[in-house]
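One file, start_1.pdb, carrying PDB, C-alpha atoms:
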```
ATOM      1  CA  MET A 475      -8.276  20.257 -10.967  1.00  0.00           C
ATOM      2  CA  GLY A 476      -6.676  18.356 -13.850  1.00  0.00           C
ATOM      3  CA  PRO A 477      -8.235  15.598 -15.881  1.00  0.00           C
ATOM      4  CA  GLN A 478      -9.419  12.576 -13.929  1.00  0.00           C
ATOM      5  CA  SER A 479      -8.247   9.842 -16.151  1.00  0.00           C
ATOM      6  CA  ALA A 480      -5.789   7.032 -16.197  1.00  0.00           C
ATOM      7  CA  SER A 481      -3.864   8.898 -18.900  1.00  0.00           C
ATOM      8  CA  ALA A 482      -3.098  11.734 -16.465  1.00  0.00           C
ATOM      9  CA  LEU A 483      -1.537   9.163 -14.169  1.00  0.00           C
ATOM     10  CA  ARG A 484       0.251   7.494 -17.063  1.00  0.00           C
ATOM     11  CA  LYS A 485       2.084  10.734 -17.836  1.00  0.00           C
ATOM     12  CA  THR A 486       3.590  10.829 -14.334  1.00  0.00           C
ATOM     13  CA  ASN A 487       4.437   7.133 -14.390  1.00  0.00           C
ATOM     14  CA  GLN A 488       6.220   7.701 -17.679  1.00  0.00           C
ATOM     15  CA  ILE A 489       8.384  10.437 -16.140  1.00  0.00           C
ATOM     16  CA  PHE A 490       9.441   7.910 -13.516  1.00  0.00           C
ATOM     17  CA  GLU A 491      10.121   5.151 -16.045  1.00  0.00           C
ATOM     18  CA  GLU A 492      11.966   7.269 -18.608  1.00  0.00           C
ATOM     19  CA  GLU A 493      13.360  10.399 -17.015  1.00  0.00           C
ATOM     20  CA  VAL A 494      14.216   9.046 -13.575  1.00  0.00           C
ATOM     21  CA  VAL A 495      15.100   5.399 -14.130  1.00  0.00           C
ATOM     22  CA  ILE A 496      16.450   5.289 -17.683  1.00  0.00           C
ATOM     23  CA  ARG A 497      18.051   8.758 -17.858  1.00  0.00           C
ATOM     24  CA  GLY A 498      19.028   8.797 -14.187  1.00  0.00           C
ATOM     25  CA  ASN A 499      17.669  12.311 -13.665  1.00  0.00           C
ATOM     26  CA  PHE A 500      16.616  12.072 -10.028  1.00  0.00           C
ATOM     27  CA  ASN A 501      15.554  15.731  -9.921  1.00  0.00           C
ATOM     28  CA  ALA A 502      12.622  14.635 -12.096  1.00  0.00           C
ATOM     29  CA  LEU A 503      11.264  12.958  -8.963  1.00  0.00           C
ATOM     30  CA  GLU A 504       9.897  16.445  -8.196  1.00  0.00           C
ATOM     31  CA  SER A 505       7.360  15.811 -10.964  1.00  0.00           C
ATOM     32  CA  VAL A 506       6.596  12.320  -9.632  1.00  0.00           C
ATOM     33  CA  TYR A 507       6.209  12.703  -5.851  1.00  0.00           C
ATOM     34  CA  THR A 508       4.344  15.369  -3.871  1.00  0.00           C
ATOM     35  CA  GLU A 509       6.456  17.516  -1.581  1.00  0.00           C
ATOM     36  CA  ASN A 510       5.293  15.627   1.527  1.00  0.00           C
ATOM     37  CA  ALA A 511       5.114  12.191  -0.082  1.00  0.00           C
ATOM     38  CA  ARG A 512       5.848   9.063   1.912  1.00  0.00           C
ATOM     39  CA  ILE A 513       7.254   5.813   0.575  1.00  0.00           C
ATOM     40  CA  LEU A 514       7.144   2.458   2.378  1.00  0.00           C
ATOM     41  CA  PRO A 515       9.862   0.277   0.798  1.00  0.00           C
ATOM     42  CA  PRO A 516      10.119  -3.397   1.741  1.00  0.00           C
ATOM     43  CA  GLY A 517      12.749  -4.093   4.394  1.00  0.00           C
ATOM     44  CA  ALA A 518      13.160  -0.472   5.457  1.00  0.00           C
ATOM     45  CA  ALA A 519      11.410   2.177   7.514  1.00  0.00           C
ATOM     46  CA  MET A 520       8.955   4.634   5.977  1.00  0.00           C
ATOM     47  CA  ILE A 521      10.694   7.551   4.221  1.00  0.00           C
ATOM     48  CA  GLU A 522       9.112  11.007   4.303  1.00  0.00           C
ATOM     49  CA  GLY A 523       9.565  13.996   2.015  1.00  0.00           C
ATOM     50  CA  ARG A 524      10.960  14.451  -1.469  1.00  0.00           C
ATOM     51  CA  PRO A 525      14.643  15.035  -0.571  1.00  0.00           C
ATOM     52  CA  ALA A 526      14.789  11.754   1.394  1.00  0.00           C
ATOM     53  CA  ILE A 527      12.860   9.940  -1.341  1.00  0.00           C
ATOM     54  CA  LYS A 528      15.344  11.189  -3.963  1.00  0.00           C
ATOM     55  CA  GLU A 529      18.189   9.812  -1.887  1.00  0.00           C
ATOM     56  CA  PHE A 530      16.422   6.472  -1.538  1.00  0.00           C
ATOM     57  CA  TRP A 531      15.875   6.038  -5.275  1.00  0.00           C
ATOM     58  CA  GLN A 532      19.355   7.189  -6.155  1.00  0.00           C
ATOM     59  CA  GLY A 533      20.797   4.615  -3.740  1.00  0.00           C
ATOM     60  CA  ALA A 534      18.441   1.832  -4.809  1.00  0.00           C
ATOM     61  CA  ALA A 535      19.025   2.378  -8.536  1.00  0.00           C
ATOM     62  CA  ALA A 536      22.792   2.269  -8.014  1.00  0.00           C
ATOM     63  CA  SER A 537      22.985  -0.659  -5.585  1.00  0.00           C
ATOM     64  CA  LEU A 538      20.585  -2.853  -7.599  1.00  0.00           C
ATOM     65  CA  ASN A 539      21.951  -1.788 -10.999  1.00  0.00           C
ATOM     66  CA  VAL A 540      18.423  -1.029 -12.180  1.00  0.00           C
ATOM     67  CA  THR A 541      18.246  -0.723 -15.957  1.00  0.00           C
ATOM     68  CA  SER A 542      14.498  -0.057 -16.346  1.00  0.00           C
ATOM     69  CA  ILE A 543      11.190  -0.201 -14.499  1.00  0.00           C
ATOM     70  CA  GLN A 544       7.804  -0.733 -16.155  1.00  0.00           C
ATOM     71  CA  LEU A 545       4.698   0.375 -14.281  1.00  0.00           C
ATOM     72  CA  GLU A 546       1.253  -0.944 -15.145  1.00  0.00           C
ATOM     73  CA  THR A 547      -2.003   0.298 -13.608  1.00  0.00           C
ATOM     74  CA  VAL A 548      -4.280  -2.598 -12.625  1.00  0.00           C
ATOM     75  CA  ASP A 549      -7.070  -0.492 -11.120  1.00  0.00           C
ATOM     76  CA  VAL A 550      -7.594   3.156 -10.226  1.00  0.00           C
ATOM     77  CA  GLU A 551     -10.301   5.025  -8.324  1.00  0.00           C
ATOM     78  CA  PHE A 552     -10.568   8.814  -8.367  1.00  0.00           C
ATOM     79  CA  LEU A 553     -11.847  10.584  -5.230  1.00  0.00           C
ATOM     80  CA  GLY A 554     -11.721  14.316  -5.981  1.00  0.00           C
ATOM     81  CA  ASP A 555      -8.113  15.432  -5.882  1.00  0.00           C
ATOM     82  CA  THR A 556      -7.032  12.006  -4.637  1.00  0.00           C
ATOM     83  CA  ALA A 557      -6.695   8.784  -6.595  1.00  0.00           C
ATOM     84  CA  VAL A 558      -5.961   5.266  -5.403  1.00  0.00           C
ATOM     85  CA  GLU A 559      -4.056   3.062  -7.822  1.00  0.00           C
ATOM     86  CA  ILE A 560      -3.268  -0.630  -7.631  1.00  0.00           C
ATOM     87  CA  GLY A 561      -0.527  -1.632 -10.018  1.00  0.00           C
ATOM     88  CA  ARG A 562       2.241  -3.975 -10.879  1.00  0.00           C
ATOM     89  CA  ALA A 563       5.806  -3.200 -11.806  1.00  0.00           C
ATOM     90  CA  MET A 564       8.672  -5.029 -13.396  1.00  0.00           C
ATOM     91  CA  ILE A 565      12.049  -3.964 -12.079  1.00  0.00           C
ATOM     92  CA  ASN A 566      14.798  -4.930 -14.484  1.00  0.00           C
ATOM     93  CA  THR A 567      18.367  -5.045 -13.221  1.00  0.00           C
ATOM     94  CA  GLN A 568      21.659  -6.175 -14.695  1.00  0.00           C
ATOM     95  CA  SER A 569      21.236  -9.468 -12.851  1.00  0.00           C
ATOM     96  CA  GLY A 570      17.549 -10.206 -13.586  1.00  0.00           C
ATOM     97  CA  SER A 571      13.975  -9.015 -13.216  1.00  0.00           C
ATOM     98  CA  MET A 572      11.731  -8.689 -10.152  1.00  0.00           C
ATOM     99  CA  ALA A 573       7.937  -8.575 -10.289  1.00  0.00           C
ATOM    100  CA  VAL A 574       6.463  -6.180  -7.774  1.00  0.00           C
ATOM    101  CA  LYS A 575       2.927  -5.030  -6.935  1.00  0.00           C
ATOM    102  CA  TYR A 576       2.065  -1.665  -5.425  1.00  0.00           C
ATOM    103  CA  VAL A 577      -0.549   0.709  -4.096  1.00  0.00           C
ATOM    104  CA  VAL A 578      -0.082   4.416  -4.794  1.00  0.00           C
ATOM    105  CA  VAL A 579      -2.281   7.138  -3.304  1.00  0.00           C
ATOM    106  CA  TRP A 580      -2.126  10.069  -5.702  1.00  0.00           C
ATOM    107  CA  LYS A 581      -2.674  13.782  -5.032  1.00  0.00           C
ATOM    108  CA  GLN A 582      -2.867  16.730  -7.328  1.00  0.00           C
ATOM    109  CA  GLU A 583      -0.056  19.222  -6.752  1.00  0.00           C
ATOM    110  CA  ASP A 584       0.601  22.248  -8.963  1.00  0.00           C
ATOM    111  CA  GLY A 585      -1.961  20.938 -11.467  1.00  0.00           C
ATOM    112  CA  ALA A 586      -0.264  17.562 -11.877  1.00  0.00           C
ATOM    113  CA  TRP A 587      -1.087  14.161 -10.435  1.00  0.00           C
ATOM    114  CA  LYS A 588       1.722  12.904  -8.201  1.00  0.00           C
ATOM    115  CA  TRP A 589       2.489   9.970  -5.915  1.00  0.00           C
ATOM    116  CA  HIS A 590       1.667  10.873  -2.321  1.00  0.00           C
ATOM    117  CA  ILE A 591       1.844   7.481  -0.610  1.00  0.00           C
ATOM    118  CA  ASP A 592       3.781   4.702  -2.308  1.00  0.00           C
ATOM    119  CA  ILE A 593       4.060   1.145  -0.960  1.00  0.00           C
ATOM    120  CA  TRP A 594       5.138  -2.005  -2.769  1.00  0.00           C
ATOM    121  CA  ASN A 595       6.229  -5.574  -2.193  1.00  0.00           C
ATOM    122  CA  PRO A 596       7.512  -8.518  -4.238  1.00  0.00           C
ATOM    123  CA  SER A 597       4.963 -10.662  -6.105  1.00  0.00           C
TER     124      SER A 597
ATOM    125  CA  MET B 373     -22.262   7.469   6.863  1.00  0.00           C
ATOM    126  CA  GLY B 374     -20.666   6.496  10.188  1.00  0.00           C
ATOM    127  CA  PRO B 375     -18.378   8.626  12.288  1.00  0.00           C
ATOM    128  CA  GLN B 376     -15.216   9.832  10.584  1.00  0.00           C
ATOM    129  CA  SER B 377     -12.742   9.287  13.334  1.00  0.00           C
ATOM    130  CA  ALA B 378      -9.772   7.139  14.093  1.00  0.00           C
ATOM    131  CA  SER B 379     -11.856   5.398  16.776  1.00  0.00           C
ATOM    132  CA  ALA B 380     -14.223   4.016  14.134  1.00  0.00           C
ATOM    133  CA  LEU B 381     -11.209   2.439  12.453  1.00  0.00           C
ATOM    134  CA  ARG B 382      -9.846   1.249  15.781  1.00  0.00           C
ATOM    135  CA  LYS B 383     -13.014  -0.775  16.364  1.00  0.00           C
ATOM    136  CA  THR B 384     -12.466  -2.752  13.145  1.00  0.00           C
ATOM    137  CA  ASN B 385      -8.750  -3.196  13.815  1.00  0.00           C
ATOM    138  CA  GLN B 386      -9.652  -4.575  17.228  1.00  0.00           C
ATOM    139  CA  ILE B 387     -11.947  -7.196  15.653  1.00  0.00           C
ATOM    140  CA  PHE B 388      -8.984  -8.318  13.581  1.00  0.00           C
ATOM    141  CA  GLU B 389      -6.573  -8.381  16.531  1.00  0.00           C
ATOM    142  CA  GLU B 390      -8.872 -10.081  19.035  1.00  0.00           C
ATOM    143  CA  GLU B 391     -11.620 -11.985  17.262  1.00  0.00           C
ATOM    144  CA  VAL B 392      -9.710 -13.144  14.186  1.00  0.00           C
ATOM    145  CA  VAL B 393      -6.121 -13.553  15.325  1.00  0.00           C
ATOM    146  CA  ILE B 394      -6.412 -14.410  19.025  1.00  0.00           C
ATOM    147  CA  ARG B 395      -9.723 -16.333  18.983  1.00  0.00           C
ATOM    148  CA  GLY B 396      -9.156 -17.778  15.507  1.00  0.00           C
ATOM    149  CA  ASN B 397     -12.660 -16.865  14.344  1.00  0.00           C
ATOM    150  CA  PHE B 398     -11.987 -16.308  10.657  1.00  0.00           C
ATOM    151  CA  ASN B 399     -15.651 -15.639   9.909  1.00  0.00           C
ATOM    152  CA  ALA B 400     -15.146 -12.351  11.758  1.00  0.00           C
ATOM    153  CA  LEU B 401     -13.147 -11.255   8.701  1.00  0.00           C
ATOM    154  CA  GLU B 402     -16.577 -10.363   7.293  1.00  0.00           C
ATOM    155  CA  SER B 403     -16.574  -7.435   9.723  1.00  0.00           C
ATOM    156  CA  VAL B 404     -13.013  -6.500   8.769  1.00  0.00           C
ATOM    157  CA  TYR B 405     -12.861  -6.663   4.952  1.00  0.00           C
ATOM    158  CA  THR B 406     -15.351  -5.360   2.389  1.00  0.00           C
ATOM    159  CA  GLU B 407     -16.944  -7.957   0.167  1.00  0.00           C
ATOM    160  CA  ASN B 408     -14.728  -7.033  -2.784  1.00  0.00           C
ATOM    161  CA  ALA B 409     -11.608  -6.301  -0.795  1.00  0.00           C
ATOM    162  CA  ARG B 410      -8.167  -6.965  -2.208  1.00  0.00           C
ATOM    163  CA  ILE B 411      -5.034  -7.817  -0.274  1.00  0.00           C
ATOM    164  CA  LEU B 412      -1.481  -7.616  -1.608  1.00  0.00           C
ATOM    165  CA  PRO B 413       0.672  -9.863   0.605  1.00  0.00           C
ATOM    166  CA  PRO B 414       4.464  -9.855   0.214  1.00  0.00           C
ATOM    167  CA  GLY B 415       5.746 -12.736  -1.893  1.00  0.00           C
ATOM    168  CA  ALA B 416       2.359 -13.652  -3.354  1.00  0.00           C
ATOM    169  CA  ALA B 417      -0.086 -12.484  -5.990  1.00  0.00           C
ATOM    170  CA  MET B 418      -2.951 -10.091  -5.169  1.00  0.00           C
ATOM    171  CA  ILE B 419      -5.930 -11.885  -3.579  1.00  0.00           C
ATOM    172  CA  GLU B 420      -9.452 -10.700  -4.353  1.00  0.00           C
ATOM    173  CA  GLY B 421     -12.713 -11.134  -2.433  1.00  0.00           C
ATOM    174  CA  ARG B 422     -13.540 -12.101   1.136  1.00  0.00           C
ATOM    175  CA  PRO B 423     -13.670 -15.903   0.698  1.00  0.00           C
ATOM    176  CA  ALA B 424     -10.152 -15.985  -0.761  1.00  0.00           C
ATOM    177  CA  ILE B 425      -8.919 -13.529   1.871  1.00  0.00           C
ATOM    178  CA  LYS B 426     -10.316 -15.751   4.641  1.00  0.00           C
ATOM    179  CA  GLU B 427      -8.418 -18.697   3.205  1.00  0.00           C
ATOM    180  CA  PHE B 428      -5.235 -16.649   3.038  1.00  0.00           C
ATOM    181  CA  TRP B 429      -5.393 -15.579   6.696  1.00  0.00           C
ATOM    182  CA  GLN B 430      -6.354 -19.013   7.898  1.00  0.00           C
ATOM    183  CA  GLY B 431      -3.341 -20.489   6.096  1.00  0.00           C
ATOM    184  CA  ALA B 432      -0.957 -17.729   7.161  1.00  0.00           C
ATOM    185  CA  ALA B 433      -1.990 -17.870  10.835  1.00  0.00           C
ATOM    186  CA  ALA B 434      -1.493 -21.626  10.884  1.00  0.00           C
ATOM    187  CA  SER B 435       1.753 -21.839   8.927  1.00  0.00           C
ATOM    188  CA  LEU B 436       3.432 -18.981  10.828  1.00  0.00           C
ATOM    189  CA  ASN B 437       2.001 -19.985  14.244  1.00  0.00           C
ATOM    190  CA  VAL B 438       0.779 -16.424  14.771  1.00  0.00           C
ATOM    191  CA  THR B 439      -0.093 -15.767  18.403  1.00  0.00           C
ATOM    192  CA  SER B 440      -1.099 -12.108  18.146  1.00  0.00           C
ATOM    193  CA  ILE B 441      -0.963  -9.074  15.879  1.00  0.00           C
ATOM    194  CA  GLN B 442      -0.984  -5.455  17.069  1.00  0.00           C
ATOM    195  CA  LEU B 443      -2.053  -2.768  14.629  1.00  0.00           C
ATOM    196  CA  GLU B 444      -1.182   0.883  15.136  1.00  0.00           C
ATOM    197  CA  THR B 445      -2.453   3.742  13.012  1.00  0.00           C
ATOM    198  CA  VAL B 446       0.348   6.154  12.091  1.00  0.00           C
ATOM    199  CA  ASP B 447      -1.746   8.478   9.928  1.00  0.00           C
ATOM    200  CA  VAL B 448      -5.245   8.499   8.488  1.00  0.00           C
ATOM    201  CA  GLU B 449      -7.042  10.714   5.972  1.00  0.00           C
ATOM    202  CA  PHE B 450     -10.812  10.604   5.474  1.00  0.00           C
ATOM    203  CA  LEU B 451     -12.193  11.251   1.981  1.00  0.00           C
ATOM    204  CA  GLY B 452     -15.977  10.858   2.252  1.00  0.00           C
ATOM    205  CA  ASP B 453     -16.754   7.164   2.520  1.00  0.00           C
ATOM    206  CA  THR B 454     -13.104   6.284   1.915  1.00  0.00           C
ATOM    207  CA  ALA B 455     -10.188   6.566   4.309  1.00  0.00           C
ATOM    208  CA  VAL B 456      -6.486   6.039   3.728  1.00  0.00           C
ATOM    209  CA  GLU B 457      -4.508   4.724   6.667  1.00  0.00           C
ATOM    210  CA  ILE B 458      -0.763   4.299   7.084  1.00  0.00           C
ATOM    211  CA  GLY B 459       0.096   2.008   9.955  1.00  0.00           C
ATOM    212  CA  ARG B 460       2.520  -0.357  11.503  1.00  0.00           C
ATOM    213  CA  ALA B 461       1.915  -3.819  12.848  1.00  0.00           C
ATOM    214  CA  MET B 462       3.734  -6.240  15.072  1.00  0.00           C
ATOM    215  CA  ILE B 463       3.166  -9.865  14.127  1.00  0.00           C
ATOM    216  CA  ASN B 464       3.996 -12.154  17.029  1.00  0.00           C
ATOM    217  CA  THR B 465       4.592 -15.817  16.315  1.00  0.00           C
ATOM    218  CA  GLN B 466       5.760 -18.741  18.401  1.00  0.00           C
ATOM    219  CA  SER B 467       9.246 -18.235  16.961  1.00  0.00           C
ATOM    220  CA  GLY B 468       9.549 -14.435  17.231  1.00  0.00           C
ATOM    221  CA  SER B 469       8.135 -11.078  16.193  1.00  0.00           C
ATOM    222  CA  MET B 470       8.058  -9.309  12.831  1.00  0.00           C
ATOM    223  CA  ALA B 471       7.619  -5.559  12.383  1.00  0.00           C
ATOM    224  CA  VAL B 472       5.497  -4.692   9.391  1.00  0.00           C
ATOM    225  CA  LYS B 473       4.191  -1.446   7.895  1.00  0.00           C
ATOM    226  CA  TYR B 474       1.028  -1.148   5.855  1.00  0.00           C
ATOM    227  CA  VAL B 475      -1.348   1.014   3.841  1.00  0.00           C
ATOM    228  CA  VAL B 476      -5.069   0.255   4.101  1.00  0.00           C
ATOM    229  CA  VAL B 477      -7.711   1.936   1.956  1.00  0.00           C
ATOM    230  CA  TRP B 478     -10.949   1.794   3.939  1.00  0.00           C
ATOM    231  CA  LYS B 479     -14.543   1.889   2.699  1.00  0.00           C
ATOM    232  CA  GLN B 480     -17.813   2.071   4.532  1.00  0.00           C
ATOM    233  CA  GLU B 481     -19.934  -1.032   4.036  1.00  0.00           C
ATOM    234  CA  ASP B 482     -23.208  -1.689   5.906  1.00  0.00           C
ATOM    235  CA  GLY B 483     -22.488   1.277   8.174  1.00  0.00           C
ATOM    236  CA  ALA B 484     -19.086   0.022   9.248  1.00  0.00           C
ATOM    237  CA  TRP B 485     -15.583   0.982   8.199  1.00  0.00           C
ATOM    238  CA  LYS B 486     -13.788  -1.936   6.580  1.00  0.00           C
ATOM    239  CA  TRP B 487     -10.492  -2.698   4.854  1.00  0.00           C
ATOM    240  CA  HIS B 488     -10.911  -2.453   1.083  1.00  0.00           C
ATOM    241  CA  ILE B 489      -7.319  -2.509  -0.134  1.00  0.00           C
ATOM    242  CA  ASP B 490      -4.650  -3.900   2.206  1.00  0.00           C
ATOM    243  CA  ILE B 491      -0.932  -3.988   1.393  1.00  0.00           C
ATOM    244  CA  TRP B 492       1.986  -4.480   3.756  1.00  0.00           C
ATOM    245  CA  ASN B 493       5.690  -5.269   3.812  1.00  0.00           C
ATOM    246  CA  PRO B 494       8.416  -5.945   6.396  1.00  0.00           C
ATOM    247  CA  SER B 495      10.036  -2.976   8.124  1.00  0.00           C
TER     248      SER B 495
END
```
Translate the structure described by the file into structure tokens.
Amino acid sequence: MGPQSASALRKTNQIFEEEVVIRGNFNALESVYTENARILPPGAAMIEGRPAIKEFWQGAAASLNVTSIQLETVDVEFLGDTAVEIGRAMINTQSGSMAVKYVVVWKQEDGAWKWHIDIWNPS
Amino acid sequence: MGPQSASALRKTNQIFEEEVVIRGNFNALESVYTENARILPPGAAMIEGRPAIKEFWQGAAASLNVTSIQLETVDVEFLGDTAVEIGRAMINTQSGSMAVKYVVVWKQEDGAWKWHIDIWNPS
């Protein structure tokens, strides 16, 4: 089991912010989401599994012209190999910014903390 | 610690559906949410603590003319005195129905399972 600290989560969030969103490397989502992760995006059905989640983010980043996303942990509780995070995010696009809040249930997979359940909505 | 089964959660969800939403008894939210619960409603800031949550639901039920809400557990994982539920809800109002999906982090409080973190968005 890896370190139980907010900094372990920060590392994963940074991969999402920098590698996925800024560099557009959607394969890096393998280091962000667990294999069986589920996301619950606003205005859409739940999406299950990493391949479908990759497709979702690729489509969303393109259609919204996302330029960057900043994630900020508001609160986190560790429960063994699970963690529950409440956070807020700023999604910056070519046409403006959207404030979002989220809950992520984290799991350890291959020694790294990853997003296992991910739900968000506009603030 | 109470029973770790979906039926223990069902009991609490039923209080919300019947006592709170149908009968309009918002004090019954004390049996639904933990004292320090947080809700993350779409289009609003996070709301913390039972008194503020009561106010939120009272206002939402009135302004949307909610007639009933059905909650359905899609998946639940128990982690000691915490549980993580993914679910879907149908919110019925006098002007139509809205499908919603949610994640609730449950905690045991006073021997009962209650909603501790509650976030949802439209499907």
Margin query: Using all atoms listed in the file and a distance of at most 7 Å, pull out the residues of chain A that contact chain B, as an MDAnalysis selection string.
Written below: chainID A and resid 516:519 595:597
Note to self: Once the PyMOL selection byres ((chain A and resi 498-503) around 10) is applied to the coordinates I shared, what remains selected? I want it as a PyMOL selection string.
What the structure shows: chain A and resi 486+489-497+504-509+524-525+527-529+531-532+535-536+541+588-589
Checklist line | Contacts of Ser571 in chain A within 12 Å, all atoms listed in the file, excl. fewer than 4 positions in-chain, as a VMD selection string | finding: chain A and resid 538 to 544 563 to 567 596 to 597
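Our summary of the geometry notes that CA of Asn510 in chain A is positioned 6.6 Å from CA of Glu522 in chain A.
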Note to self: Can you measure CA of His488 in chain B to CA of Ser481 in chain A for me? One decimal in Å is fine.
What the structure shows: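 Separation between CA of His488 in chain B and CA of Ser481 in chain A: 24.0 Å.
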Next item on the list: To one decimal in Å, tell me the separation between CA of Phe530 in chain A and CA of Asn487 in chain A.
Entry: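 CA of Phe530 in chain A sits 17.6 Å away from CA of Asn487 in chain A.
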Next item on the list: Please write the residues picked by the PyMOL selection byres ((chain B and resi 446) around 8) on this file as number ranges by chain.
Entry: B: 444-445, 447-448, 457-460
Return as JSON the box centre and box size in Å, one decimal, for an axis-aligned box around all listed atoms of range 421-429 of chain B padded by 8 Å per side.
```
{"center_x": -9.5, "center_y": -14.9, "center_z": 2.1, "size_x": 24.4, "size_y": 23.6, "size_z": 25.1}
```
